[in-house]
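Student: Here you go, one structure.
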Amino acid sequence: MKNKRVTIIDSRVNNLGNIVNACKYLNADVKVTSDIKEIKKSDKIILPGLGAYNSTMNYLVKKKLTDQIYEHCKIKKKYIFGICLGMQLLFESSDENIYSKGLALFKGDCKILKSNKDNFINIPHMGWNEVFLNPNIKKTKLKNLFNKGNNFFYFVHSYFIKFKKQKYISGYSSLGLNKICSLLESENILGTQFHPELSGKKGLSILNYFLEK
Amino acid sequence: MTKKLKKRIISKLELKGPNLIKGVMFDGLRSLGLAHNFSTKYYEEGIDELIYQDVIASLYLVEPKYDQIKKISNNTFIPFTVAGGITKLDQIKKIFDCGADKVAINTGAINDVKILENAAKEFGSQSVVSSIEVNSYFDYSSNQKVRELWIKNGKEKTDKNFIDWIKQVQDLGAGEIIITMINLDGLGKGPDLDIINEIDNIVKVPLIYSGGIGSINDVEKIFITTNVDAVCAASLFHYYYYNNFDINPFKNFNKLRCGKNIDIGNYEFINNGYGDVKYFYVKPASITQVKKKLISKNINIRVTDEK
């Protein structure tokens with residue numbers, strides 16, 4: 001069996017229990033750390049979700065992890081998986097609480113979910129939603145994990161990345177007035193707006209896809 | 001209030017120690033087997049969410065059972081809410097470390113409203129659920145329905161006003177509300193649709209209904225006639241999946257009569273019924289059956305892979 005090793009960046013998120021559990025369930029060797037030396041050594045990292053954009057970003061800056069993450073994905077071309085907020089951090093900026101800059105690996109900004117009387121959404125949006133594949137998607141194995149009509153995943157978020165027809169955005173979801181980027185893949189980078197660790201078997205299959213890369 | 005969300009099917013696991021129990025009106029508890037067996041099965045069958053309710057923690061002021069929570073969350077990868085005996089922030093932190101995603105608080109919040117407020121500030125309102133246990137009956141002297149709020153898993157009545165409390169918990173930052181009807185619990189005679197419609201325009205957060213759901217038709221009816229976001233059922237699924245574990249005293253009953261002896265739990269109750277209640281009108285159903293029916297009625301739910 002393949003030796004699946006992964007490092008989860010401890011971004012002071014309250015709830016790492018689930019993602020750690022899920023990785024262990026999939027027989028991965030998991031390390032949770034915010035130590036730059038450990039992160040330098042790892043081939044695969046997960047940037048987990050939940051939390052506020054600016055405070056997580058500040059924490060990454062304080063731990064000198066922003067440059068490290070950039071080097072990890074852009075120069076060394078090693079694997080990274082951003083989940084929820086972790087995916088949003090890969091983009092340029094967010095208006096959450098106060099304007100703050102992200103890791104800027106992709107172009108795009110993070111906006112608050114829109115709703116009106118006819119399309120009322122609670123913020124944060126919590127719940128199951130369907131993910132549709134981008135018709136312009138490059139063919140990867142990720143596509144095989146999706147089948148017709150039942151691609152449901154669990155979301156917890158208040159902010160979202162707008163879906164435009166970028167090729168690296170592999171999947172999108174609709175929520176009232178919003179068209180959300182919910183899945184992205186670009187070579188070594190994988191990102192999901194939903195929580196694969198909370199999305200049942202389908203979610204685990206996405207996580208496993210990353211762990212087996 | 002119409003909300004643009006997928007409707008959810010939730011199962012409530014009521015626990016006493018390691019056992020999954022089911023009572024009638026929060027009383028006369030029967031033990032059905034080990035809770036983690038049920039939770040894993042439900043997860044595999046495609047339940048959308050699980051709620052863990054420790055039924056004695058608030059009454060005896062004991063700590064949440066972290067090992068037990070871990071045992072369940074280690075094998076289920078869906079949203080998982082923990083309730084029972086939560087009074088402090090560090091308990092919530094520990095519960096989340098065990099792999100839970102949300103906490104639901106009733107007794108703790110009625111005794112001290114600050115716990116809801118502080119928990120919402122510290123962990124975000126998406127992870128704080130206000131659990132509300134309602135006893136409802138018709139008062140002939142005033143000729144109206146009375147809604148009482150109870151705490152300690154149906155052991156103690158409070159003088160809080162139902163409507164005011166629903167408004168208050170939302171102001172305090174609860175991200176979700178679950179109402180459980182004590183007077184209907186475990187009977188399977190059908191849900192109280194009136195109460196959901198009564199509070200429809202004051203509940204701005206997702207609303208979960210629990211209590212009295214005894215058949216697939218009940219689930220369907222509740223989604224068709226109300227704006228509720230999620231239905232929480234216990235007996236409906238417990239008695240169906242009970243077949244899979246241990247011994248099964250209910251196997252040969254169409255109407256769930258209080259059957260033969262089993263070697264765990266409350267014997268007398270099982271043999272003789274609960275007060276006047278000799279039959280439970282639960283028509284057990286599998287999660288797949290419920291979902292199939294809802295899909296055929298065009299209800300917006302999460303679809304899972306067919307087995």
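Each chain in the structure tokens gets a letter, A, B and so on, in the order shown; residues start at 1 in every chain, and ligands are counted from 1 in the order they appear.
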Just list the residues in segment 28-199 of chain A DSSP gives strand (DSSP E or B) on the backbone, as a ChimeraX atom specification.

Tutor: /A:28-33,44-47,79-83,93-94,100-101,109-112,125-130,132-133,152-157,159-162,169-175,178-186,189-192

Student: Give me the residues near Cys110 of chain A as number ranges by chain, where near means some atom within 12 Å (using only C-alpha atoms) and where sequence neighbours in that chain fewer than 2 positions away do not count.

Tutor: A: 53-54, 84-102, 104, 106-108, 112-113, 157-163, 180-181, 193

Student: If the cut-off is 6 Å, can you tell me the residues of chain A near chain B, counting only C-alpha atoms? I'd like them as a list in words.

Tutor: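 Putting it all together, I get Asn15, Gly17, Asn18, Asn21, Phe120, Ile121, Trp128, Asn150, Glu197, Leu198, Ser199 and Gly200 of chain A.
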
Student: Hey, which of A:Tyr70, A:Phe194, A:Phe132, A:Tyr25 ends up closest to Tyr154 of chain A? Count only C-alpha atoms.

Tutor: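 Looking only at the distances to Tyr154 of chain A, the closest residue turns out to be A:Phe194.
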
Student: One decimal, in Å: what's the spacing between atom CA of Ser39 of chain B and atom CA of Lys201 of chain A?

Tutor: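 Result for atom CA of Ser39 of chain B versus atom CA of Lys201 of chain A: 14.4 Å, one decimal.
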
Student: List the neighbours of Pro18 of chain B out to 7 Å using only C-alpha atoms; skip same-chain residues closer than 5 positions along the sequence, and give me the result as a ChimeraX atom specification.

Tutor: /B:34-35,68

Student: Could you write out that same residue set with N, CA, C and O atoms as a compact mmCIF listing (two decimals), in the first residue's frame?

Tutor:
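As written to disk, out29.txt reads:
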```
# COMPACT_ATOMS: atom_id res chain seq x y z
N LEU B 34 -25.57 -0.60 21.36
CA LEU B 34 -24.48 0.36 21.51
C LEU B 34 -24.59 1.47 20.47
O LEU B 34 -24.77 1.20 19.28
N ALA B 35 -24.46 2.69 20.94
CA ALA B 35 -24.72 3.85 20.08
C ALA B 35 -23.79 3.92 18.87
O ALA B 35 -24.21 4.27 17.77
N GLN B 68 -16.83 8.73 24.38
CA GLN B 68 -17.98 8.28 23.63
C GLN B 68 -18.18 9.12 22.36
O GLN B 68 -18.47 8.60 21.30
```

Student: From the list A:Lys62, A:Lys165, A:Leu47, A:Cys73, which residue is nearest Thr192 of chain A when using only C-alpha atoms?

Tutor: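 That would be A:Leu47, the residue with the smallest distance to Thr192 of chain A.
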
Student: Please report the interatomic distance between atom CA of Asn161 of chain B and atom CA of Glu148 of chain B in Å with one decimal.

Tutor: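 About the pair atom CA of Asn161 of chain B and atom CA of Glu148 of chain B: they are 7.4 Å apart.
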
Student: Pull the helix (DSSP H, G or I) assignments for chain A out of DSSP run on the backbone, and list those residues as number ranges by chain.

Tutor: A: 17-25, 36-41, 53-62, 65-75, 85-88, 141-145, 196-198, 200-211

Student: Work out how far atom CA of Asp109 of chain A is from atom CA of Tyr172 of chain A, in Å to one decimal.

Tutor: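 Interatomic distance, atom CA of Tyr172 of chain A to atom CA of Asp109 of chain A: 15.6 Å.
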
Student: Fewer than 6 positions away in the same chain doesn't count, so skip those; otherwise give me all residues within 10 Å of Asp27 of chain B, counting only C-alpha atoms, as a ChimeraX atom specification.

Tutor: /B:153-155,182,185-186,274

Student: Pick from A:Phe153, A:Lys138, A:Ile39, A:Gly51: nearest to Glu71 of chain A, with only C-alpha atoms counted?

Tutor: A:Ile39

Student: Fewer than 4 positions away in the same chain doesn't count, so skip those; otherwise give me all residues within 9 Å of Leu236 of chain B, counting only C-alpha atoms, as a PyMOL selection string.

Tutor: chain B and resi 188+213-216+240+282-286

Student: Please identify all polymer residues within 8 Å of Lys44 of chain A, counting only C-alpha atoms, omitting same-chain residues fewer than 6 positions from it, and present them as a ChimeraX atom specification.

Tutor: /A:5-7,78-81,211

Student: Write out as a PyMOL selection string which residues come within 12 Å of Ala28 of chain A when counting only C-alpha atoms, dropping same-chain ones fewer than 5 positions away.

Tutor: chain A and resi 1-8+19-23+44+207-212
